[in-house]
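All remarks here apply to the structure that follows.
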Amino acid sequence: MTRTRPLLMLTTLILGAAALSACSSGGSQPAPAAASALSGATTSTPPGALDSGAPAADATAAATAPDPCSLITDAEAGTLFGGPAAHKAGGSSDASNGSGVVVTENLCEWNLITSDQLGHDLWVAVYAGADRAYFNDAVTHETPIPGLGDAATGDSIHVYVISKGTVLQIYGSLPASDGLQQAAAIAIGKL
């Protein structure tokens, strides 16, 4: 009987610690580690149980979305402007539309670099994490542009396009009336 008493005391201590742990975490059952220690079983944390809560697809989409500055070269922008051009990264911002999908807008800007500065500029936005539903939501009242990417809409000041699973917006001021469509064709050719 004397050998049983220390084991009983140890079991009581372990169960008491498990109960305290459960109470401090707001639960009513023993912590898994304490329960498995009593039963001799082992536990493992399932993959993803310690994630930050963001879906893995969002992280993958952000990592695989192209850099907007890589979609048009300065020489190509210069051809669209009719003079030499230079670019700079325009930064990133949240472009989520409330659907629960995390979307990040990444921008790049090209400007005409001549002494007269005719006011021509070009912006390319890549919407990392966006899908076809996001594209459809963004272009509900836009005029379709046939033959550009998987689907495209727009006018003389902006073009939205989805191609190869990537949503782009091209906007700005170019001399040719179809300059933005030309820029969009160049950009989607590099996706």
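Letters A, B, ... mark the chains of the structure tokens in the order given; residue numbers begin at 1 per chain; ligand numbers begin at 1, in order shown.
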
* Near-range 175-186 of chain A list (12 Å; only C-alpha atoms; drop same-chain fewer than 5 positions) as an MDAnalysis selection string -> chainID A and resid 68 70:83 110 112 118:126 144:163 167:170 191

Selection from above, N, CA and C atoms, as a compact mmCIF listing (two decimals), in the first residue's frame, can you write it?
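part_12.txt written:
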```txt
# COMPACT_ATOMS: atom_id res chain seq x y z
N PRO A 68 5.69 44.13 -61.26
CA PRO A 68 5.15 44.93 -62.36
C PRO A 68 6.24 45.65 -63.17
N SER A 70 8.93 44.40 -64.13
CA SER A 70 9.55 43.45 -65.06
C SER A 70 8.68 43.21 -66.30
N LEU A 71 7.48 43.77 -66.32
CA LEU A 71 6.55 43.47 -67.42
C LEU A 71 6.70 44.40 -68.62
N ILE A 72 7.33 45.54 -68.44
CA ILE A 72 7.59 46.47 -69.54
C ILE A 72 8.98 47.06 -69.31
N THR A 73 9.82 47.03 -70.34
CA THR A 73 11.15 47.62 -70.21
C THR A 73 11.07 49.13 -70.44
N ASP A 74 12.11 49.84 -70.05
CA ASP A 74 12.16 51.28 -70.30
C ASP A 74 12.14 51.55 -71.81
N ALA A 75 12.81 50.70 -72.61
CA ALA A 75 12.81 50.86 -74.06
C ALA A 75 11.40 50.68 -74.64
N GLU A 76 10.67 49.67 -74.13
CA GLU A 76 9.29 49.46 -74.61
C GLU A 76 8.40 50.63 -74.22
N ALA A 77 8.55 51.14 -73.00
CA ALA A 77 7.77 52.31 -72.58
C ALA A 77 8.15 53.51 -73.43
N GLY A 78 9.44 53.65 -73.75
CA GLY A 78 9.88 54.76 -74.62
C GLY A 78 9.24 54.69 -75.98
N THR A 79 9.10 53.50 -76.53
CA THR A 79 8.41 53.34 -77.82
C THR A 79 6.95 53.77 -77.70
N LEU A 80 6.30 53.39 -76.61
CA LEU A 80 4.90 53.78 -76.39
C LEU A 80 4.76 55.29 -76.21
N PHE A 81 5.75 55.92 -75.55
CA PHE A 81 5.72 57.37 -75.31
C PHE A 81 6.16 58.18 -76.52
N GLY A 82 7.03 57.59 -77.35
CA GLY A 82 7.62 58.35 -78.43
C GLY A 82 8.85 59.12 -77.97
N GLY A 83 9.50 58.67 -76.92
CA GLY A 83 10.71 59.29 -76.39
C GLY A 83 11.24 58.46 -75.24
N TRP A 110 6.15 54.40 -65.23
CA TRP A 110 7.10 54.86 -66.24
C TRP A 110 6.74 56.29 -66.60
N LEU A 112 7.98 59.69 -69.26
CA LEU A 112 8.75 60.20 -70.38
C LEU A 112 9.82 61.11 -69.81
N LEU A 118 6.09 66.02 -71.80
CA LEU A 118 4.75 66.12 -72.38
C LEU A 118 3.64 65.60 -71.49
N GLY A 119 3.95 65.14 -70.32
CA GLY A 119 2.91 64.68 -69.41
C GLY A 119 2.47 63.25 -69.63
N HIS A 120 3.26 62.50 -70.38
CA HIS A 120 2.92 61.09 -70.58
C HIS A 120 3.45 60.25 -69.42
N ASP A 121 2.61 59.35 -68.95
CA ASP A 121 3.01 58.41 -67.93
C ASP A 121 2.27 57.10 -68.14
N LEU A 122 2.78 56.06 -67.51
CA LEU A 122 2.21 54.72 -67.64
C LEU A 122 2.37 54.03 -66.31
N TRP A 123 1.29 53.42 -65.84
CA TRP A 123 1.30 52.65 -64.60
C TRP A 123 0.87 51.22 -64.89
N VAL A 124 1.57 50.27 -64.28
CA VAL A 124 1.17 48.86 -64.35
C VAL A 124 0.97 48.40 -62.91
N ALA A 125 -0.21 47.87 -62.63
CA ALA A 125 -0.53 47.31 -61.31
C ALA A 125 -0.74 45.82 -61.46
N VAL A 126 -0.08 45.05 -60.60
CA VAL A 126 -0.28 43.61 -60.52
C VAL A 126 -1.02 43.33 -59.22
N PRO A 144 -15.82 45.49 -72.73
CA PRO A 144 -14.91 44.39 -73.05
C PRO A 144 -13.95 44.75 -74.20
N ILE A 145 -12.74 44.24 -74.11
CA ILE A 145 -11.75 44.38 -75.18
C ILE A 145 -11.43 42.98 -75.67
N PRO A 146 -11.91 42.61 -76.84
CA PRO A 146 -11.68 41.25 -77.34
C PRO A 146 -10.23 41.03 -77.76
N GLY A 147 -9.77 39.78 -77.59
CA GLY A 147 -8.46 39.39 -78.07
C GLY A 147 -7.28 39.78 -77.20
N LEU A 148 -7.52 40.24 -75.99
CA LEU A 148 -6.44 40.65 -75.10
C LEU A 148 -6.48 39.81 -73.83
N GLY A 149 -5.49 38.92 -73.65
CA GLY A 149 -5.45 38.05 -72.49
C GLY A 149 -6.62 37.08 -72.47
N ASP A 150 -6.94 36.56 -71.28
CA ASP A 150 -8.09 35.67 -71.14
C ASP A 150 -9.38 36.48 -71.15
N ALA A 151 -9.32 37.71 -70.62
CA ALA A 151 -10.43 38.65 -70.64
C ALA A 151 -9.84 40.03 -70.36
N ALA A 152 -10.41 41.04 -70.98
CA ALA A 152 -9.93 42.41 -70.77
C ALA A 152 -11.08 43.39 -70.95
N THR A 153 -10.99 44.50 -70.24
CA THR A 153 -11.96 45.57 -70.36
C THR A 153 -11.22 46.89 -70.23
N GLY A 154 -11.87 47.97 -70.62
CA GLY A 154 -11.24 49.26 -70.41
C GLY A 154 -11.64 50.31 -71.43
N ASP A 155 -10.84 51.40 -71.40
CA ASP A 155 -11.06 52.53 -72.29
C ASP A 155 -9.71 53.20 -72.55
N SER A 156 -9.71 54.47 -72.94
CA SER A 156 -8.46 55.14 -73.30
C SER A 156 -7.61 55.53 -72.09
N ILE A 157 -8.13 55.42 -70.87
CA ILE A 157 -7.33 55.80 -69.70
C ILE A 157 -6.96 54.64 -68.78
N HIS A 158 -7.61 53.49 -68.93
CA HIS A 158 -7.21 52.32 -68.15
C HIS A 158 -7.71 51.03 -68.81
N VAL A 159 -6.95 49.97 -68.57
CA VAL A 159 -7.28 48.64 -69.09
C VAL A 159 -7.10 47.65 -67.94
N TYR A 160 -8.11 46.81 -67.70
CA TYR A 160 -8.00 45.68 -66.78
C TYR A 160 -7.89 44.43 -67.63
N VAL A 161 -6.98 43.54 -67.24
CA VAL A 161 -6.82 42.30 -67.98
C VAL A 161 -6.51 41.17 -67.01
N ILE A 162 -7.00 39.98 -67.33
CA ILE A 162 -6.60 38.77 -66.62
C ILE A 162 -6.02 37.84 -67.66
N SER A 163 -4.83 37.33 -67.35
CA SER A 163 -4.16 36.42 -68.26
C SER A 163 -3.29 35.48 -67.43
N VAL A 167 -4.08 39.13 -62.57
CA VAL A 167 -4.90 40.30 -62.85
C VAL A 167 -3.99 41.53 -62.90
N LEU A 168 -4.12 42.30 -63.98
CA LEU A 168 -3.33 43.51 -64.18
C LEU A 168 -4.26 44.68 -64.44
N GLN A 169 -3.79 45.86 -64.09
CA GLN A 169 -4.43 47.10 -64.53
C GLN A 169 -3.33 47.97 -65.11
N ILE A 170 -3.57 48.48 -66.32
CA ILE A 170 -2.63 49.36 -66.99
C ILE A 170 -3.36 50.68 -67.19
N LEU A 191 4.10 37.28 -68.87
CA LEU A 191 3.58 36.52 -67.72
C LEU A 191 3.98 35.07 -67.82
```

* To do: For Thr104 in chain A, work out the shell of residues within 10 Å, counting only C-alpha atoms and skipping chain neighbours fewer than 5 positions away, then give it as an MDAnalysis selection string.
  => chainID A and resid 58 61:62 65 92:96 125:130

Restricted to N, CA and C atoms, what would the selected residues look like written as an mmCIF file, in the first residue's frame?
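That gives us selection-v4.cif:
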```cif
data_model
loop_
_atom_site.group_PDB
_atom_site.id
_atom_site.type_symbol
_atom_site.label_atom_id
_atom_site.label_comp_id
_atom_site.auth_asym_id
_atom_site.auth_seq_id
_atom_site.Cartn_x
_atom_site.Cartn_y
_atom_site.Cartn_z
ATOM 1 N N ASP A 58 -2.749 32.399 -50.355
ATOM 2 C CA ASP A 58 -2.467 33.829 -50.431
ATOM 3 C C ASP A 58 -0.970 34.078 -50.430
ATOM 4 N N ALA A 61 0.414 32.985 -53.804
ATOM 5 C CA ALA A 61 0.069 33.933 -54.858
ATOM 6 C C ALA A 61 0.934 35.174 -54.787
ATOM 7 N N ALA A 62 1.143 35.681 -53.580
ATOM 8 C CA ALA A 62 1.970 36.870 -53.426
ATOM 9 C C ALA A 62 3.400 36.588 -53.837
ATOM 10 N N ALA A 65 3.429 36.208 -57.838
ATOM 11 C CA ALA A 65 2.964 37.314 -58.668
ATOM 12 C C ALA A 65 4.174 38.032 -59.254
ATOM 13 N N SER A 92 3.329 49.162 -52.756
ATOM 14 C CA SER A 92 2.280 48.149 -52.616
ATOM 15 C C SER A 92 1.197 48.658 -51.686
ATOM 16 N N SER A 93 -0.026 48.171 -51.900
ATOM 17 C CA SER A 93 -1.134 48.521 -51.009
ATOM 18 C C SER A 93 -2.157 47.393 -51.003
ATOM 19 N N ASP A 94 -2.978 47.383 -49.973
ATOM 20 C CA ASP A 94 -4.040 46.386 -49.860
ATOM 21 C C ASP A 94 -5.129 46.716 -50.874
ATOM 22 N N ALA A 95 -5.485 45.741 -51.691
ATOM 23 C CA ALA A 95 -6.533 45.922 -52.685
ATOM 24 C C ALA A 95 -7.651 44.905 -52.504
ATOM 25 N N SER A 96 -7.759 44.341 -51.297
ATOM 26 C CA SER A 96 -8.808 43.361 -51.017
ATOM 27 C C SER A 96 -10.169 44.014 -51.197
ATOM 28 N N ALA A 125 -0.211 47.872 -62.631
ATOM 29 C CA ALA A 125 -0.527 47.313 -61.309
ATOM 30 C C ALA A 125 -0.741 45.818 -61.460
ATOM 31 N N VAL A 126 -0.082 45.048 -60.596
ATOM 32 C CA VAL A 126 -0.279 43.607 -60.524
ATOM 33 C C VAL A 126 -1.018 43.334 -59.220
ATOM 34 N N TYR A 127 -2.123 42.620 -59.307
ATOM 35 C CA TYR A 127 -2.946 42.319 -58.134
ATOM 36 C C TYR A 127 -2.626 40.909 -57.638
ATOM 37 N N ALA A 128 -1.650 40.819 -56.738
ATOM 38 C CA ALA A 128 -1.216 39.528 -56.186
ATOM 39 C C ALA A 128 -2.327 38.944 -55.326
ATOM 40 N N GLY A 129 -2.671 37.705 -55.596
ATOM 41 C CA GLY A 129 -3.718 37.020 -54.844
ATOM 42 C C GLY A 129 -5.087 37.107 -55.497
ATOM 43 N N ALA A 130 -5.230 37.954 -56.519
ATOM 44 C CA ALA A 130 -6.523 38.108 -57.203
ATOM 45 C C ALA A 130 -6.794 36.912 -58.105
#
```

* Asked: What does the distance between CA of Asp131 in chain A and CA of Lys164 in chain A come to in Å, to one decimal place?
  -> 10.1 Å

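Nearest residue to Ala86 in chain A, choosing from A:Asn136, A:Thr114, A:Ala187, A:Thr143 and counting only C-alpha atoms: A:Thr114.
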
* To do: Give the helix (DSSP H, G or I) residues of range 87-181 of chain A, as assigned by DSSP on the backbone, as a ChimeraX atom specification.
  => /A:132-138,179-181

Include C-alpha atoms and write out the residues we just selected as an mmCIF file, in the first residue's frame.
```
data_model
loop_
_atom_site.group_PDB
_atom_site.id
_atom_site.type_symbol
_atom_site.label_atom_id
_atom_site.label_comp_id
_atom_site.auth_asym_id
_atom_site.auth_seq_id
_atom_site.Cartn_x
_atom_site.Cartn_y
_atom_site.Cartn_z
ATOM 1 C CA ARG A 132 -11.126 35.527 -61.934
ATOM 2 C CA ALA A 133 -13.911 36.362 -59.432
ATOM 3 C CA TYR A 134 -11.899 39.408 -58.265
ATOM 4 C CA PHE A 135 -11.425 40.490 -61.894
ATOM 5 C CA ASN A 136 -15.133 40.047 -62.661
ATOM 6 C CA ASP A 137 -16.067 42.107 -59.586
ATOM 7 C CA ALA A 138 -13.686 44.923 -60.604
ATOM 8 C CA GLY A 179 -1.445 52.765 -76.295
ATOM 9 C CA LEU A 180 -2.710 51.175 -73.088
ATOM 10 C CA GLN A 181 -3.862 48.098 -75.000
#
```
